[in-house]
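entry-v6.txt (compact mmCIF, C-alpha atoms and all ligand atoms) appears below.
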# COMPACT_ATOMS: atom_id res chain seq x y z
CA MET A 1 0.00 0.00 0.00
CA ASN A 2 1.01 3.68 -0.27
CA ALA A 3 1.93 5.54 2.89
CA ALA A 4 3.89 8.44 4.41
CA VAL A 5 6.94 6.44 5.47
CA LEU A 6 9.49 7.78 7.95
CA HIS A 7 12.94 6.38 7.10
CA ALA A 8 15.03 8.65 9.35
CA LEU A 9 14.27 10.76 12.43
CA ASN A 10 14.28 14.52 11.93
CA LYS A 11 13.64 14.19 8.17
CA PRO A 12 10.24 14.48 6.46
CA PRO A 13 8.52 11.19 5.61
CA ARG A 14 8.42 10.05 1.97
CA PHE A 15 5.42 8.86 -0.06
CA ASP A 16 6.42 5.23 -0.39
CA GLU A 17 5.34 1.57 -0.51
CA PHE A 18 4.77 -0.08 2.91
CA PRO A 19 3.60 -3.65 3.69
CA ASP A 20 -0.16 -3.99 4.34
CA PRO A 21 -1.19 -4.47 8.00
CA SER A 22 -2.86 -7.63 9.28
CA VAL A 23 -5.01 -7.90 12.40
CA LYS A 24 -4.40 -9.56 15.80
CA ASP A 25 -6.86 -10.18 18.65
CA ASP A 26 -9.47 -7.37 18.86
CA GLU A 27 -7.96 -5.28 16.05
CA VAL A 28 -9.62 -3.98 12.88
CA ILE A 29 -8.32 -2.76 9.54
CA VAL A 30 -9.22 0.87 8.80
CA HIS A 31 -9.40 2.09 5.19
CA VAL A 32 -8.13 5.63 5.71
CA ARG A 33 -10.00 8.57 4.15
CA ALA A 34 -8.25 11.54 5.82
CA ALA A 35 -5.42 12.15 8.30
CA ALA A 36 -4.49 15.58 9.69
CA LEU A 37 -0.87 16.73 9.83
CA LYS A 38 -0.43 18.11 13.36
CA PRO A 39 2.53 19.48 15.38
CA VAL A 40 2.59 16.25 17.41
CA ASP A 41 3.09 14.17 14.23
CA LYS A 42 6.12 16.32 13.42
CA GLN A 43 7.44 16.13 16.99
CA ILE A 44 7.18 12.31 16.97
CA ALA A 45 8.95 12.10 13.60
CA SER A 46 11.67 14.51 14.73
CA GLY A 47 12.71 12.15 17.52
CA SER A 48 12.05 14.78 20.23
CA HIS A 49 8.74 13.33 21.53
CA TYR A 50 8.40 10.68 24.25
CA ALA A 51 6.43 8.60 21.72
CA SER A 52 9.12 8.89 18.99
CA PRO A 53 9.84 5.51 17.36
CA SER A 54 12.90 3.51 18.42
CA LYS A 55 12.82 1.40 15.22
CA LEU A 56 12.39 2.58 11.63
CA PRO A 57 10.78 2.63 9.11
CA VAL A 58 7.31 3.52 10.42
CA VAL A 59 4.20 5.10 8.92
CA CYS A 60 3.45 8.60 10.28
CA GLY A 61 0.18 9.88 11.73
CA ILE A 62 -1.52 9.25 15.07
CA ASP A 63 -5.18 9.69 14.10
CA GLY A 64 -7.61 10.06 11.24
CA VAL A 65 -10.93 9.18 9.67
CA GLY A 66 -11.64 5.98 7.76
CA CYS A 67 -14.00 3.09 7.12
CA LEU A 68 -14.02 -0.35 8.73
CA GLU A 69 -14.58 -3.49 6.63
CA ASP A 70 -18.33 -3.27 7.42
CA GLU A 71 -18.37 0.32 5.99
CA THR A 72 -18.77 2.02 9.40
CA ARG A 73 -17.17 5.45 9.16
CA VAL A 74 -15.01 6.13 12.20
CA TYR A 75 -12.54 8.52 13.79
CA PHE A 76 -9.57 6.49 15.02
CA GLY A 77 -6.62 7.32 17.28
CA GLY A 78 -3.43 5.40 18.08
CA PRO A 79 -2.71 2.90 15.28
CA ARG A 80 -0.39 0.00 16.17
CA SER A 81 3.20 0.88 15.24
CA PRO A 82 4.80 0.58 12.70
CA TYR A 83 1.46 1.40 11.04
CA GLY A 84 0.13 4.95 11.05
CA ALA A 85 -2.79 7.08 9.94
CA MET A 86 -1.08 8.56 6.85
CA ALA A 87 -1.58 5.52 4.66
CA GLU A 88 -4.20 3.79 2.56
CA ARG A 89 -4.82 1.31 5.37
CA THR A 90 -3.94 1.01 9.05
CA VAL A 91 -4.61 -1.30 11.99
CA MET A 92 -6.38 -0.29 15.19
CA SER A 93 -7.78 -1.66 18.41
CA ARG A 94 -11.58 -1.74 17.88
CA GLN A 95 -11.99 0.24 21.17
CA ARG A 96 -10.18 3.19 19.64
CA CYS A 97 -12.54 3.56 16.67
CA PHE A 98 -15.47 5.94 17.22
CA PRO A 99 -18.39 6.07 14.76
CA LEU A 100 -18.99 9.46 13.15
CA PRO A 101 -22.37 11.09 12.41
CA GLU A 102 -23.23 11.92 8.78
CA GLU A 103 -23.34 15.66 9.51
CA ILE A 104 -19.55 15.95 9.73
CA ASP A 105 -17.45 15.33 6.61
CA ASP A 106 -14.18 13.36 6.51
CA LEU A 107 -11.81 16.32 6.23
CA THR A 108 -13.44 18.40 8.95
CA ALA A 109 -13.64 15.46 11.36
CA ALA A 110 -10.00 14.53 10.75
CA ALA A 111 -8.92 18.14 11.28
CA VAL A 112 -11.04 19.19 14.25
CA LEU A 113 -11.23 16.24 16.63
CA ASN A 114 -7.68 16.19 17.99
CA PRO A 115 -7.21 19.96 18.59
CA GLY A 116 -10.90 20.51 19.37
CA VAL A 117 -11.10 17.81 22.04
CA SER A 118 -7.78 19.00 23.46
CA ALA A 119 -8.98 22.63 23.65
CA TRP A 120 -12.34 21.61 25.14
CA LEU A 121 -10.80 19.36 27.82
CA THR A 122 -8.13 21.92 28.68
CA LEU A 123 -10.72 24.62 29.31
CA ALA A 124 -13.53 22.54 30.82
CA GLU A 125 -11.64 19.88 32.79
CA ARG A 126 -8.19 21.32 33.62
CA ALA A 127 -8.85 25.07 33.90
CA LYS A 128 -12.50 24.49 34.87
CA VAL A 129 -13.46 27.77 33.24
CA MET A 130 -16.61 29.29 34.73
CA GLN A 131 -19.35 31.60 33.50
CA GLY A 132 -18.22 35.22 33.40
CA GLU A 133 -14.47 34.59 33.64
CA THR A 134 -11.69 36.24 31.64
CA VAL A 135 -9.57 33.86 29.57
CA LEU A 136 -6.22 34.58 27.91
CA ILE A 137 -5.13 32.31 25.02
CA LEU A 138 -1.37 32.43 24.32
CA GLY A 139 -0.74 31.20 20.76
CA ALA A 140 -4.27 31.97 19.60
CA THR A 141 -3.31 32.04 15.91
CA GLY A 142 -2.63 28.29 15.71
CA VAL A 143 -5.28 25.71 14.86
CA THR A 144 -5.71 24.68 18.50
CA GLY A 145 -5.54 28.26 19.79
CA LYS A 146 -8.30 29.35 17.39
CA LEU A 147 -10.51 26.51 18.60
CA ALA A 148 -9.71 27.44 22.22
CA VAL A 149 -10.88 31.03 21.60
CA GLN A 150 -14.23 29.68 20.37
CA ALA A 151 -14.52 26.98 23.04
CA ALA A 152 -13.83 29.48 25.85
CA LYS A 153 -16.79 31.56 24.72
CA LEU A 154 -19.02 28.48 24.35
CA LEU A 155 -18.09 27.46 27.89
CA GLY A 156 -19.23 30.81 29.28
CA ALA A 157 -16.15 33.06 29.37
CA ALA A 158 -17.23 36.70 29.44
CA ARG A 159 -14.00 38.01 27.92
CA VAL A 160 -11.42 36.23 25.76
CA VAL A 161 -8.06 37.86 25.08
CA ALA A 162 -6.21 36.33 22.11
CA ALA A 163 -2.42 36.69 21.99
CA GLY A 164 -0.18 35.58 19.12
CA ARG A 165 2.33 36.44 16.47
CA ASN A 166 0.70 36.35 13.04
CA GLU A 167 -0.96 39.75 12.57
CA GLN A 168 -3.22 38.65 9.70
CA VAL A 169 -4.63 35.71 11.64
CA LEU A 170 -4.91 37.79 14.84
CA ASN A 171 -7.07 40.34 13.03
CA LYS A 172 -9.58 37.62 12.12
CA LEU A 173 -9.91 36.29 15.67
CA ARG A 174 -12.60 38.80 16.66
CA ASP A 175 -14.90 36.97 14.22
CA LEU A 176 -14.31 33.82 16.28
CA GLY A 177 -15.17 35.51 19.58
CA ALA A 178 -11.99 37.26 20.77
CA ASP A 179 -12.73 40.48 22.65
CA ALA A 180 -9.17 41.81 22.62
CA ILE A 181 -5.95 41.07 20.73
CA ILE A 182 -2.33 41.16 21.86
CA ARG A 183 0.44 40.94 19.26
CA PHE A 184 3.60 39.29 20.57
CA ASP A 185 5.99 41.36 18.50
CA LYS A 186 4.21 44.67 17.92
CA PRO A 187 6.94 47.23 17.16
CA GLY A 188 7.40 49.80 19.89
CA GLN A 189 5.26 47.93 22.39
CA SER A 190 6.43 46.05 25.45
CA LEU A 191 4.67 42.70 25.54
CA LYS A 192 4.64 42.81 29.33
CA ASP A 193 2.82 46.18 29.25
CA ALA A 194 0.28 44.82 26.75
CA PHE A 195 -0.51 41.95 29.13
CA VAL A 196 -0.80 44.39 32.07
CA HIS A 197 -3.15 46.59 30.04
CA GLU A 198 -5.46 43.74 28.96
CA ALA A 199 -5.47 42.16 32.42
CA GLY A 200 -6.96 45.40 33.76
CA ASP A 201 -8.01 45.62 37.41
CA SER A 202 -9.79 42.28 37.55
CA GLY A 203 -6.99 40.28 35.87
CA PHE A 204 -7.07 36.98 33.99
CA ASP A 205 -8.83 34.01 35.58
CA VAL A 206 -7.62 31.37 33.12
CA ILE A 207 -4.58 31.28 30.82
CA ILE A 208 -4.19 28.58 28.16
CA ASP A 209 -0.60 28.47 26.93
CA TYR A 210 0.33 26.97 23.55
CA VAL A 211 3.67 28.76 23.23
CA TRP A 212 5.77 28.80 26.46
CA GLY A 213 9.24 30.40 25.99
CA SER A 214 9.64 34.20 25.90
CA PRO A 215 5.93 35.21 25.52
CA THR A 216 5.15 33.27 28.71
CA GLU A 217 8.08 34.92 30.49
CA ALA A 218 6.66 38.36 29.52
CA LEU A 219 3.26 37.28 30.84
CA LEU A 220 4.72 36.09 34.15
CA ALA A 221 6.52 39.42 34.53
CA ALA A 222 3.18 41.17 33.96
CA LEU A 223 1.47 39.02 36.62
CA THR A 224 4.16 39.65 39.26
CA ARG A 225 2.90 42.15 41.85
CA LYS A 226 5.28 44.87 42.94
CA GLU A 227 3.76 45.49 46.37
CA PHE A 228 2.33 43.56 49.31
CA ALA A 229 -1.32 43.31 48.33
CA ALA A 230 -4.34 41.23 49.25
CA ALA A 231 -4.61 38.18 47.00
CA LYS A 232 -7.14 38.41 44.20
CA SER A 233 -8.93 35.36 42.82
CA ASP A 234 -6.86 32.41 41.62
CA ILE A 235 -5.23 32.46 38.19
CA ARG A 236 -5.13 28.99 36.54
CA LEU A 237 -2.46 28.67 33.83
CA VAL A 238 -2.57 25.46 31.77
CA GLN A 239 0.61 24.59 29.86
CA VAL A 240 -0.34 22.84 26.58
CA GLY A 241 2.25 23.57 23.90
CA GLU A 242 5.77 24.86 23.37
CA SER A 243 5.71 26.56 19.97
CA ALA A 244 7.94 29.41 21.18
CA GLY A 245 10.25 27.44 23.47
CA ALA A 246 10.62 24.25 25.48
CA THR A 247 11.73 25.99 28.68
CA ILE A 248 11.12 29.21 30.62
CA SER A 249 12.86 31.05 33.40
CA LEU A 250 10.40 31.10 36.32
CA PRO A 251 11.13 33.84 38.89
CA ALA A 252 10.04 32.80 42.38
CA ALA A 253 8.45 36.23 42.92
CA VAL A 254 5.58 35.55 40.56
CA LEU A 255 4.47 32.52 42.60
CA ARG A 256 4.82 34.40 45.92
CA SER A 257 3.16 37.66 44.85
CA THR A 258 0.13 36.25 42.98
CA PRO A 259 -2.26 33.32 43.52
CA LEU A 260 -1.02 31.63 40.33
CA THR A 261 -1.34 27.89 39.71
CA ILE A 262 0.62 26.46 36.77
CA MET A 263 -0.53 23.03 35.61
CA GLY A 264 -0.14 20.80 32.56
CA THR A 265 -2.69 18.86 30.55
CA ALA A 266 -1.96 15.73 32.64
CA GLY A 267 -2.07 13.02 30.02
CA ILE A 268 -5.11 11.27 28.57
CA PRO A 269 -8.28 11.85 30.65
CA PRO A 270 -10.74 9.12 31.73
CA MET A 271 -12.84 7.65 28.89
CA ASP A 272 -16.12 9.27 30.03
CA LYS A 273 -14.59 12.77 29.96
CA LEU A 274 -12.94 12.07 26.62
CA MET A 275 -16.21 10.86 25.08
CA ASP A 276 -18.11 13.85 26.43
CA ALA A 277 -15.58 16.26 24.88
CA PHE A 278 -15.66 14.24 21.62
CA GLN A 279 -19.47 14.60 21.43
CA GLN A 280 -19.32 18.32 22.25
CA VAL A 281 -16.75 18.99 19.54
CA MET A 282 -18.54 16.91 16.89
CA THR A 283 -21.97 18.41 17.61
CA ARG A 284 -20.74 21.98 17.84
CA THR A 285 -18.64 21.65 14.68
CA ALA A 286 -21.54 20.10 12.76
CA CYS A 287 -23.82 23.03 13.71
CA GLY A 288 -21.17 25.68 12.95
CA GLU A 289 -20.46 26.79 16.53
CA LEU A 290 -16.85 25.60 16.21
CA ARG A 291 -15.07 26.56 13.00
CA ILE A 292 -11.78 25.31 11.57
CA ASP A 293 -9.93 26.11 8.33
CA VAL A 294 -8.83 22.99 6.47
CA GLU A 295 -6.52 22.45 3.50
CA ARG A 296 -6.86 19.17 1.57
CA VAL A 297 -3.53 17.75 0.36
CA PRO A 298 -3.08 14.46 -1.55
CA LEU A 299 -0.98 11.94 0.39
CA ASP A 300 1.64 11.80 -2.37
CA GLU A 301 2.50 15.46 -1.52
CA VAL A 302 3.26 14.66 2.13
CA GLU A 303 6.99 15.42 1.92
CA ASN A 304 6.35 18.97 0.74
CA ALA A 305 3.37 19.52 3.07
CA TRP A 306 5.48 18.40 6.05
CA GLN A 307 7.84 21.33 5.54
CA ARG A 308 5.35 24.14 5.32
CA ASP A 309 3.33 26.13 7.84
CA GLY A 310 -0.47 25.89 7.75
CA HIS A 311 -0.85 29.55 8.96
CA GLY A 312 -3.85 28.69 11.11
CA ARG A 313 -5.21 26.09 8.65
CA ARG A 314 -4.97 22.37 9.30
CA ILE A 315 -3.42 20.38 6.46
CA VAL A 316 -5.34 17.13 5.96
CA LEU A 317 -3.75 14.34 3.91
CA VAL A 318 -6.00 12.24 1.70
CA PRO A 319 -4.75 8.87 0.39
N1 LIG B 401 -0.93 18.46 24.64
C1 LIG B 401 -1.98 18.55 23.83
O1 LIG B 401 -3.02 17.97 24.08
C2 LIG B 401 -1.89 19.46 22.63
C3 LIG B 401 -2.95 19.54 21.73
C4 LIG B 401 -2.89 20.44 20.67
C5 LIG B 401 -1.75 21.23 20.50
N2 LIG B 401 -0.71 21.07 21.37
C6 LIG B 401 0.51 21.87 21.20
O2 LIG B 401 0.17 23.26 21.13
C7 LIG B 401 1.02 23.94 20.21
C8 LIG B 401 0.20 24.62 19.11
O3 LIG B 401 -0.58 23.63 18.42
P1 LIG B 401 -1.45 24.03 17.14
O4 LIG B 401 -2.27 22.87 16.77
O5 LIG B 401 -2.16 25.33 17.38
O6 LIG B 401 -0.29 24.25 16.07
P2 LIG B 401 -0.26 25.09 14.70
O7 LIG B 401 -1.62 25.19 14.11
O8 LIG B 401 0.85 24.54 13.91
O9 LIG B 401 0.13 26.57 15.21
C9 LIG B 401 1.35 26.83 15.77
C10 LIG B 401 1.20 28.03 16.68
O10 LIG B 401 2.43 28.31 17.33
C11 LIG B 401 2.82 29.65 17.05
N3 LIG B 401 4.27 29.78 17.00
C12 LIG B 401 5.15 29.00 16.31
N4 LIG B 401 6.40 29.39 16.54
C13 LIG B 401 6.32 30.46 17.39
C14 LIG B 401 7.28 31.30 18.00
N5 LIG B 401 8.58 31.13 17.78
N6 LIG B 401 6.83 32.28 18.80
C15 LIG B 401 5.52 32.45 19.03
N7 LIG B 401 4.55 31.68 18.51
C16 LIG B 401 4.96 30.69 17.68
C17 LIG B 401 2.19 29.96 15.72
O11 LIG B 401 2.13 31.34 15.54
P3 LIG B 401 2.01 31.99 14.06
O12 LIG B 401 0.55 31.88 13.71
O13 LIG B 401 2.47 33.37 14.25
O14 LIG B 401 2.90 31.19 13.14
C18 LIG B 401 0.83 29.30 15.92
O15 LIG B 401 0.00 30.08 16.76
C19 LIG B 401 2.00 22.87 19.69
O16 LIG B 401 3.15 22.89 20.52
C20 LIG B 401 1.25 21.56 19.90
O17 LIG B 401 2.08 20.45 20.01
C21 LIG B 401 -0.75 20.22 22.42
So that I can check it, write out the structure of this file as structure tokens.
Ligand SMILES: NC(=O)c1ccc[n+]([C@@H]2O[C@H](COP(=O)([O-])OP(=O)(O)OC[C@H]3O[C@@H](n4cnc5c(N)ncnc54)[C@H](OP(=O)(O)O)[C@@H]3O)[C@@H](O)[C@H]2O)c1
Amino acid sequence: MNAAVLHALNKPPRFDEFPDPSVKDDEVIVHVRAAALKPVDKQIASGSHYASPSKLPVVCGIDGVGCLEDETRVYFGGPRSPYGAMAERTVMSRQRCFPLPEEIDDLTAAAVLNPGVSAWLTLAERAKVMQGETVLILGATGVTGKLAVQAAKLLGAARVVAAGRNEQVLNKLRDLGADAIIRFDKPGQSLKDAFVHEAGDSGFDVIIDYVWGSPTEALLAALTRKEFAAAKSDIRLVQVGESAGATISLPAAVLRSTPLTIMGTAGIPPMDKLMDAFQQVMTRTACGELRIDVERVPLDEVENAWQRDGHGRRIVLVP
């Protein structure tokens, strides 16, 4: 079969022949119809991710949309290595195949489910965002950040501040529900001052961070109080991505002067929470409440697609 085959870590995969999978135990063959190209697929292939392969070659792609032998259309996640989603066929545990409703097409489902479920769970389950709160999204111009802006509003946030780098994409975020915009690299503006300005007197309640690195350091400087003051309400910062850097310098003063809690996404949540988020994202995407920009790319162009930026659009490979 044809597949996106990774022959060496830290190189793009090639469109190549790969042996067909066969099933064991409770597994099923999935005839793939669409597989999104996400940052995590690139991180795994680069060798920098904890799930990076120790043996090569492998097929790339951790999730997608396809049909089972009985024609059931499913979203699937976690194919058995060395098989992957970016192929004509893959092999999956039956428990990790979830039937899809007719209202959502292959490309949209393949694009939205991974970042949408992640954004929904981060806001609803980790940050526990509440009605009327103010939410800051760091890295709001990415596919997941754009979904987080929309999800925050759907979950009841009164004010969503979207921060990011790409000016063109930032300018469109008001259409998705952002109430204010912060540009990371606006000439003549200190990023720290921009965060202070948008925090206002009541501050941020929730911060969802897809970037880490220097923008997060500027934010932490903005949150650090300069005087002894009564604590305001808790600030919950959820660390999700590291587009701008893998590490930060964390001054102790920010944790002592403000009621700030920094947490991560904490791995895969229990199945009931995961299924609830899955249903929310599918239903809300099907009715237009959650929007995502998708670019369809034939699988034989994977090598080129791997090396370009989607600029807020999710590239979806089609075998
Ligand atoms: N743990 C999870 O569950 C989970 C789920 C989804 C995503 N993530 C992580 O979250 C991050 C974003 O994911 P995504 O789906 O939104 O990716 P994406 O669509 O590829 O977008 C990448 C984002 O990172 C920004 N960025 C890249 N380099 C930057 C830099 N040097 N400084 C500042 N911003 C920079 C981009 O800004 P521009 O628009 O200006 O290029 C864009 O907002 C990735 O690290 C991803 O692995 C984690």
Mind dumping a table of every chain A residue within 6 Å of ligand LIG 401 (chain B), with the nearest atom pair and its distance in Å to one decimal, using only C-alpha atoms and all ligand atoms, sorted by chain and rising number, as CSV?
residue,atom,partner,partner_atom,distance
A:Pro39,CA,B:LIG401,O17,4.8
A:Val40,CA,B:LIG401,O17,5.0
A:Pro115,CA,B:LIG401,C4,4.8
A:Ser118,CA,B:LIG401,O1,4.9
A:Gly139,CA,B:LIG401,O15,4.2
A:Ala140,CA,B:LIG401,O15,5.5
A:Thr141,CA,B:LIG401,O15,3.9
A:Gly142,CA,B:LIG401,O9,3.3
A:Val143,CA,B:LIG401,O7,3.8
A:Thr144,CA,B:LIG401,O5,3.8
A:Gly145,CA,B:LIG401,O5,5.1
A:Gly164,CA,B:LIG401,O13,6.0
A:Arg165,CA,B:LIG401,O13,3.8
A:Asn166,CA,B:LIG401,O13,3.7
A:Tyr210,CA,B:LIG401,O2,4.4
A:Val211,CA,B:LIG401,N7,5.6
A:Val240,CA,B:LIG401,N1,4.8
A:Gly241,CA,B:LIG401,O2,3.5
A:Glu242,CA,B:LIG401,O16,4.3
A:Ser243,CA,B:LIG401,C12,4.4
A:Ala244,CA,B:LIG401,C14,3.8
A:His311,CA,B:LIG401,O12,5.5
A:Gly312,CA,B:LIG401,O7,5.1
Shell of 10 Å around Leu100 in chain A, only C-alpha atoms, local chain residues under 6 positions omitted, as an NGL selection string: :A and (65-66 or 72-75 or 106 or 109 or 279 or 282)
Neighbour list for range 267-273 of chain A as number ranges by chain, cut-off 9 Å, all atoms listed in the file, skip fewer than 5 positions in-chain: A: 121, 125, 278
Pick from A:Leu9, A:Val30, A:Leu274, A:Ala110 nearest to Ile44 in chain A, counting only C-alpha atoms: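 Closest to Ile44 in chain A of all the choices is A:Leu9.
Note that the spacing between CA of Leu220 in chain A and CA of Lys192 in chain A amounts to 8.3 Å.
Here CA of Ile181 in chain A stands at a distance of 11.6 Å from CA of Gln168 in chain A.
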Coordinates-based distance that separates CA of Leu173 in chain A from CA of Asp234 in chain A (Å, one decimal):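 CA of Leu173 in chain A lies 26.4 Å from CA of Asp234 in chain A.
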Close residues, Ser52 in chain A itself excluded, 10 Å, only C-alpha atoms, min 4 positions apart in chain, as a list in words: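 Contacts, in chain order: Leu9, Val40, Asp41, Lys42, Gln43, Ile44, Ala45, Ser46, Gly47 and Ser48 of chain A.
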Pick from A:Gly203, A:Gly177, A:Gly156, A:Gly310 nearest to Leu260 in chain A, counting only C-alpha atoms: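 Closest residue, counting only C-alpha atoms: A:Gly203.
When all atoms listed in the file are used to measure the gap to Ala85 in chain A, the shortest distance among A:Cys287, A:Ser249, A:Val254, A:Leu299 belongs to A:Leu299.
Nearest residue to Pro19 in chain A among A:Ala51, A:Ala222, A:Val59, A:Val32 is A:Val59, counting all atoms listed in the file.
Residue nearest Met86 in chain A within the list A:Gly64, A:Pro215, A:Pro57, A:Pro259: A:Gly64 [criterion: smallest interatomic distance, all atoms listed in the file].
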Pick from A:Ala34, A:Ile29, A:Leu123, A:Tyr50, whichever lies nearest to Glu71 in chain A using only C-alpha atoms: A:Ile29
